[in-house]
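Novice: See start.cif below, with mmCIF, C-alpha atoms.
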data_protein
loop_
_atom_site.label_atom_id
_atom_site.label_comp_id
_atom_site.auth_asym_id
_atom_site.auth_seq_id
_atom_site.Cartn_x
_atom_site.Cartn_y
_atom_site.Cartn_z
CA MET C 1 28.99 101.67 70.81
CA SER C 2 32.42 102.72 69.52
CA LYS C 3 34.93 104.52 71.75
CA ARG C 4 34.56 107.53 69.44
CA ASN C 5 30.92 107.86 70.41
CA ASP C 6 31.34 106.74 74.01
CA PRO C 7 31.57 109.88 76.17
CA VAL C 8 32.97 107.88 79.11
CA ALA C 9 35.80 106.48 77.02
CA ARG C 10 36.55 109.92 75.61
CA ALA C 11 36.67 111.34 79.11
CA ARG C 12 39.07 108.63 80.26
CA GLY C 13 41.35 109.26 77.26
CA LYS C 14 41.55 112.90 78.07
CA ALA C 15 42.31 112.32 81.69
CA THR C 16 45.75 113.67 82.61
CA ALA C 17 48.25 111.03 83.82
CA ALA C 18 49.28 111.38 87.43
CA LYS C 19 52.69 113.09 87.90
CA LYS C 20 55.52 111.02 89.44
CA PRO C 21 56.99 112.49 92.67
CA PHE C 22 60.44 114.19 92.41
CA PRO C 23 63.16 111.64 93.48
CA LEU C 24 64.56 113.90 96.22
CA GLY C 25 65.94 111.02 98.25
CA PHE C 26 67.86 109.61 95.30
CA VAL C 27 69.37 113.01 94.45
CA LEU C 28 70.43 113.67 98.04
CA GLY C 29 71.96 110.22 98.27
CA SER C 30 73.91 110.75 95.07
CA VAL C 31 75.20 114.11 96.29
CA LEU C 32 76.34 112.65 99.62
CA LEU C 33 78.06 109.78 97.84
CA ALA C 34 79.88 112.18 95.53
CA VAL C 35 81.00 114.32 98.49
CA ALA C 36 82.29 111.22 100.28
CA LEU C 37 84.23 110.03 97.22
CA ILE C 38 85.82 113.46 96.78
CA GLY C 39 86.82 113.47 100.44
CA ILE C 40 88.43 110.06 100.12
CA LEU C 41 90.30 111.17 97.01
CA VAL C 42 91.60 114.34 98.67
CA TYR C 43 92.74 112.39 101.72
CA ALA C 44 94.51 109.82 99.55
CA VAL C 45 96.37 112.53 97.63
CA GLN C 46 97.41 114.37 100.79
CA ASN C 47 98.59 111.19 102.48
CA GLN C 48 100.07 109.48 99.46
CA GLY C 49 102.62 106.86 100.53
CA ALA C 50 101.81 107.17 104.24
CA GLY C 51 100.81 103.51 104.42
CA ASP C 52 103.08 102.21 101.67
CA THR C 53 106.15 100.61 103.25
CA SER C 54 108.05 100.97 99.98
CA SER C 55 107.54 104.74 99.70
CA ILE C 56 109.99 107.51 100.52
CA THR C 57 107.36 109.10 102.79
CA TYR C 58 107.14 105.95 104.88
CA ALA C 59 110.93 105.55 105.07
CA ARG C 60 111.47 109.11 106.21
CA ASP C 61 108.79 108.86 108.86
CA GLN C 62 110.52 105.91 110.54
CA ILE C 63 113.79 107.64 111.45
CA ASP C 64 114.03 110.41 114.03
CA ASP C 65 116.19 113.44 113.21
CA LEU C 66 116.64 112.36 109.61
CA GLN C 67 118.08 115.09 107.41
CA THR C 68 116.83 115.26 103.83
CA LYS C 69 118.05 117.18 100.80
CA GLU C 70 115.87 117.41 97.72
CA ASP C 71 116.71 118.03 94.07
CA GLN C 72 120.48 117.51 94.23
CA ALA C 73 122.54 117.74 91.06
CA ARG C 74 123.58 114.48 89.41
CA ASP C 75 126.19 115.70 86.92
CA HIS C 76 129.39 113.74 86.32
CA VAL C 77 132.47 115.93 86.64
CA GLU C 78 136.23 115.64 86.53
CA GLY C 79 138.29 116.69 89.53
CA SER C 80 137.24 117.56 93.06
CA VAL C 81 133.86 118.90 94.11
CA GLN C 82 133.29 121.49 96.82
CA TYR C 83 130.60 119.84 98.94
CA GLU C 84 128.91 121.92 101.62
CA ASN C 85 130.20 121.24 105.17
CA ALA C 86 132.25 118.30 103.88
CA ALA C 87 134.91 118.79 106.56
CA GLN C 88 132.43 117.59 109.20
CA GLN C 89 129.78 115.64 107.32
CA PRO C 90 129.77 113.48 104.20
CA PRO C 91 127.74 114.62 101.19
CA THR C 92 124.52 112.83 100.26
CA GLY C 93 124.37 113.85 96.62
CA GLY C 94 125.35 116.46 94.09
CA LYS C 95 127.87 116.52 91.28
CA HIS C 96 130.22 113.56 91.43
CA SER C 97 132.79 111.42 89.68
CA GLY C 98 131.76 109.29 86.74
CA VAL C 99 133.29 106.31 88.58
CA ALA C 100 131.41 104.81 91.51
CA GLN C 101 133.05 103.53 94.69
CA ARG C 102 132.91 99.76 95.10
CA CYS C 103 130.67 98.82 98.03
CA GLN C 104 132.83 97.15 100.68
CA VAL C 105 134.57 97.85 103.99
CA TYR C 106 137.41 100.40 103.88
CA THR C 107 139.99 101.12 106.55
CA GLU C 108 141.08 104.38 104.92
CA PRO C 109 138.99 107.40 103.83
CA ILE C 110 137.51 107.27 100.34
CA ALA C 111 136.83 110.12 97.94
CA ASN C 112 133.51 111.89 98.39
CA GLU C 113 133.11 112.20 94.63
CA ASN C 114 133.20 108.43 94.08
CA ALA C 115 131.09 107.63 97.15
CA VAL C 116 128.32 109.97 96.00
CA HIS C 117 128.10 108.08 92.71
CA SER C 118 127.50 104.89 94.69
CA LEU C 119 124.73 106.63 96.64
CA GLU C 120 123.12 107.39 93.28
CA HIS C 121 123.03 103.62 92.70
CA GLY C 122 121.20 102.96 95.98
CA ALA C 123 124.14 102.44 98.32
CA VAL C 124 124.15 103.26 102.01
CA TRP C 125 127.48 104.70 103.11
CA ILE C 126 128.34 104.37 106.79
CA THR C 127 131.07 106.70 107.95
CA TYR C 128 132.68 106.91 111.37
CA ASN C 129 135.01 109.19 113.26
CA PRO C 130 138.19 107.14 113.76
CA ASP C 131 139.10 109.23 116.81
CA THR C 132 135.95 108.37 118.76
CA LEU C 133 134.80 104.94 117.54
CA SER C 134 136.09 101.94 119.51
CA ASP C 135 137.55 98.82 117.91
CA LYS C 136 134.60 96.81 119.19
CA ASP C 137 132.12 99.19 117.58
CA LEU C 138 134.08 99.05 114.34
CA GLU C 139 133.83 95.26 114.38
CA THR C 140 130.05 95.56 114.82
CA LEU C 141 129.74 97.88 111.83
CA THR C 142 132.04 95.71 109.73
CA GLU C 143 129.85 92.67 110.38
CA LYS C 144 126.80 94.63 109.21
CA VAL C 145 128.38 95.69 105.93
CA GLU C 146 130.50 92.73 104.85
CA GLY C 147 128.85 90.74 102.09
CA GLU C 148 126.25 93.41 101.30
CA THR C 149 126.19 94.52 97.66
CA HIS C 150 124.98 98.09 98.30
CA GLN C 151 126.56 99.06 101.60
CA MET C 152 130.00 100.47 102.35
CA LEU C 153 131.91 101.56 105.43
CA SER C 154 134.82 103.97 105.75
CA PRO C 155 136.44 106.29 108.27
CA TYR C 156 135.69 110.00 107.94
CA PRO C 157 138.17 112.13 109.92
CA GLY C 158 136.54 115.20 111.44
CA LEU C 159 133.03 113.70 111.38
CA ARG C 160 130.87 115.68 113.79
CA SER C 161 129.41 112.55 115.44
CA LYS C 162 130.65 109.07 116.23
CA LEU C 163 129.11 107.77 113.02
CA SER C 164 126.68 108.77 110.30
CA LEU C 165 124.72 107.01 107.59
CA GLN C 166 124.19 108.40 104.11
CA ALA C 167 121.91 107.49 101.23
CA TRP C 168 121.06 109.69 98.25
CA GLY C 169 119.51 112.79 99.82
CA GLU C 170 119.16 111.15 103.24
CA GLN C 171 121.42 111.35 106.30
CA VAL C 172 121.37 110.66 110.01
CA PHE C 173 124.03 111.26 112.68
CA VAL C 174 124.23 108.90 115.68
CA ASP C 175 126.59 108.40 118.61
CA SER C 176 126.13 104.70 119.23
CA VAL C 177 126.30 101.64 117.01
CA ASP C 178 123.42 100.27 119.09
CA ASP C 179 121.15 103.14 118.09
CA LYS C 180 118.08 101.56 116.47
CA ARG C 181 118.32 104.08 113.63
CA VAL C 182 121.42 102.35 112.29
CA ASP C 183 119.55 99.17 111.37
CA GLN C 184 116.45 101.14 110.37
CA PHE C 185 118.45 103.24 107.94
CA LEU C 186 120.18 100.22 106.44
CA LYS C 187 116.90 98.38 105.98
CA LEU C 188 114.92 101.30 104.55
CA PHE C 189 117.47 103.00 102.32
CA THR C 190 119.68 100.21 100.94
CA GLU C 191 118.49 100.28 97.32
CA GLY C 192 115.51 102.12 98.78
CA PRO C 193 112.89 104.46 97.33
CA GLN C 194 115.33 107.38 97.28
CA THR C 195 117.56 105.67 94.68
CA PRO C 196 117.84 107.72 91.45
CA GLU C 197 119.28 104.83 89.43
CA LYS C 198 117.42 101.68 90.45
CA GLY C 199 119.14 98.42 89.65
CA ALA C 200 122.60 99.92 89.08
CA ALA C 201 125.52 97.97 90.53
CA CYS C 202 127.55 99.40 93.40
CA ASP C 203 130.86 98.70 91.73
CA GLY C 204 133.79 100.72 90.47
CA THR C 205 137.01 101.82 92.07
CA SER C 206 138.17 100.39 95.37
CA ALA C 207 141.02 102.89 95.72
CA THR C 208 141.17 105.00 98.85
CA ARG C 209 142.48 108.53 99.19
CA GLY C 210 146.08 108.78 98.18
CA GLN C 211 146.12 105.47 96.31
CA ALA C 212 146.76 105.17 92.61
CA PRO C 213 143.59 104.49 90.63
CA GLU C 214 142.92 101.01 89.35
CA PRO C 215 143.44 100.37 85.63
CA GLY C 216 140.75 102.05 83.58
CA GLN C 217 139.32 103.83 86.62
CA SER C 218 139.90 107.03 88.50
CA THR C 219 139.71 108.41 91.98
CA MET C 220 140.56 111.84 93.29
CA PRO C 221 141.24 113.72 96.50
CA SER C 222 138.64 116.22 97.63
CA SER C 223 139.83 119.71 98.34
CA THR C 224 137.25 119.93 101.14
CA GLN C 225 138.60 116.98 103.11
CA LYS C 226 142.01 117.32 104.70
#
Could you write out this structure as C-alpha cells?
Specialist:
Amino acid sequence: MSKRNDPVARARGKATAAKKPFPLGFVLGSVLLAVALIGILVYAVQNQGAGDTSSITYARDQIDDLQTKEDQARDHVEGSVQYENAAQQPPTGGKHSGVAQRCQVYTEPIANENAVHSLEHGAVWITYNPDTLSDKDLETLTEKVEGETHQMLSPYPGLRSKLSLQAWGEQVFVDSVDDKRVDQFLKLFTEGPQTPEKGAACDGTSATRGQAPEPGQSTMPSSTQK
C-alpha cells in the first residue's frame, strides 16, 4: 500500500514536530559575560596607567607631595619671562627661550628661560638654596648629576627649601639630600613620561647668569630672579 493511501503514514506526516525548549541558560550566561566584560573595560579605563611603570600616573603616585602643573605653554620667546613665584621656586614649564640649557653641573644660577627648554627635552633640574645647603650635600648632588645626559644642577638663591627637583610640569621640594624622593624623582622623570619632546638632546648654552652668550647662542637674565 502506498503512503498516499496509508492512513497511518498520513497521520505521522501531519504530526507536529516537538518544539525545542527556549535556551534560557545560554541567554543568561551571555548576559552575565557581557556585563563582566563591560565592568572590566570600565575599570581599565578608570585606572589606565595605574599598573604601567612607564606611565605618568604611575610616576606621580610614587612621590609624596609632588606638585603638578598641566597644560603649560610651550612657546619660544625672546627676552625674559615672568614666571609665577619664580623668586622662591623654579618654573616647571611655560614660555621659554629657543635655546636650551646644557645639562651639567653649574656653580652659578642659570636662566629660567633656558632651563625650562631643557625640561621640555626631558631634563630633571635640581636646584638648591646656596645659603642652606652644606658643601657635603652639594658634593652628593654633584655626584648624582655628573655624567648624566638629561640632568642638571644649579644654585637658586631664595629657594623656599633646601633643594627642589623640577621636570616638565612636575616639582617636589625637599630639605635633605637623603630624602628618598630625590632618587625617585631622578629615576622616574629623567626623560620620563612627562617629556613633551621625547628624544631631544639636553644641549645648548652653558652660560650662567651674567655671562656673555656662547657664539651662535643666547641666554638672558630673568626679571623675576634677583
Novice: Any chance you could work out the residue set of the PyMOL selection byres ((chain C and resi 168-178) around 6) here, as an MDAnalysis selection string?
Specialist: chainID C and resid 66:69 92:93 119:120 161:167 179
Novice: Choose the residue, out of C:Gly122, C:Gly29, C:Gly158, C:Pro109, that has the smallest atom-to-atom separation from C:Ala200; count only C-alpha atoms.
Specialist: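 Selected residue with least distance to C:Ala200: C:Gly122.
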Novice: Just the number, please: distance in Å from atom CA of C:Asp183 to atom CA of C:Ser118, one decimal.
Specialist: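 Between atom CA of C:Asp183 and atom CA of C:Ser118 the gap is 19.3 Å.
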Novice: Please, what distance in Å, to one decimal, runs between atom CA of C:Gly94 and atom CA of C:Trp125?
Specialist: 15.0 Å
Novice: Have a look at atom CA of C:Tyr106 and atom CA of C:Ser154 and let me know their distance in Å, one decimal.
Specialist: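 Atom CA of C:Ser154 lies 4.8 Å from atom CA of C:Tyr106.
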Novice: Please tell me which residues are no farther than 9 Å from (115.2, 103.2, 108.7) in the file, counting all atoms listed in the file, and write them as a PyMOL selection string.
Specialist: chain C and resi 59-63+180-189
Novice: C:Pro157, C:Pro196, C:Gly25, C:Pro90: which is nearest C:Asn129, counting all atoms listed in the file?
Specialist: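 For C:Asn129, the nearest of the given residues is C:Pro157.
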Novice: Nearest to C:Pro193 among C:Val31, C:Leu24, C:Ser55, C:Gly98, with distances taken over only C-alpha atoms: which residue is it?
Specialist: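 Of C:Val31, C:Leu24, C:Ser55, C:Gly98, the one nearest C:Pro193, counting only C-alpha atoms, is C:Ser55.
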Novice: Could you name the residues that touch C:Glu113 at 7 Å or less, counting all atoms listed in the file, but leaving out those on the same chain fewer than 4 positions away, as a ChimeraX atom specification?
Specialist: /C:80-81,96-97,117
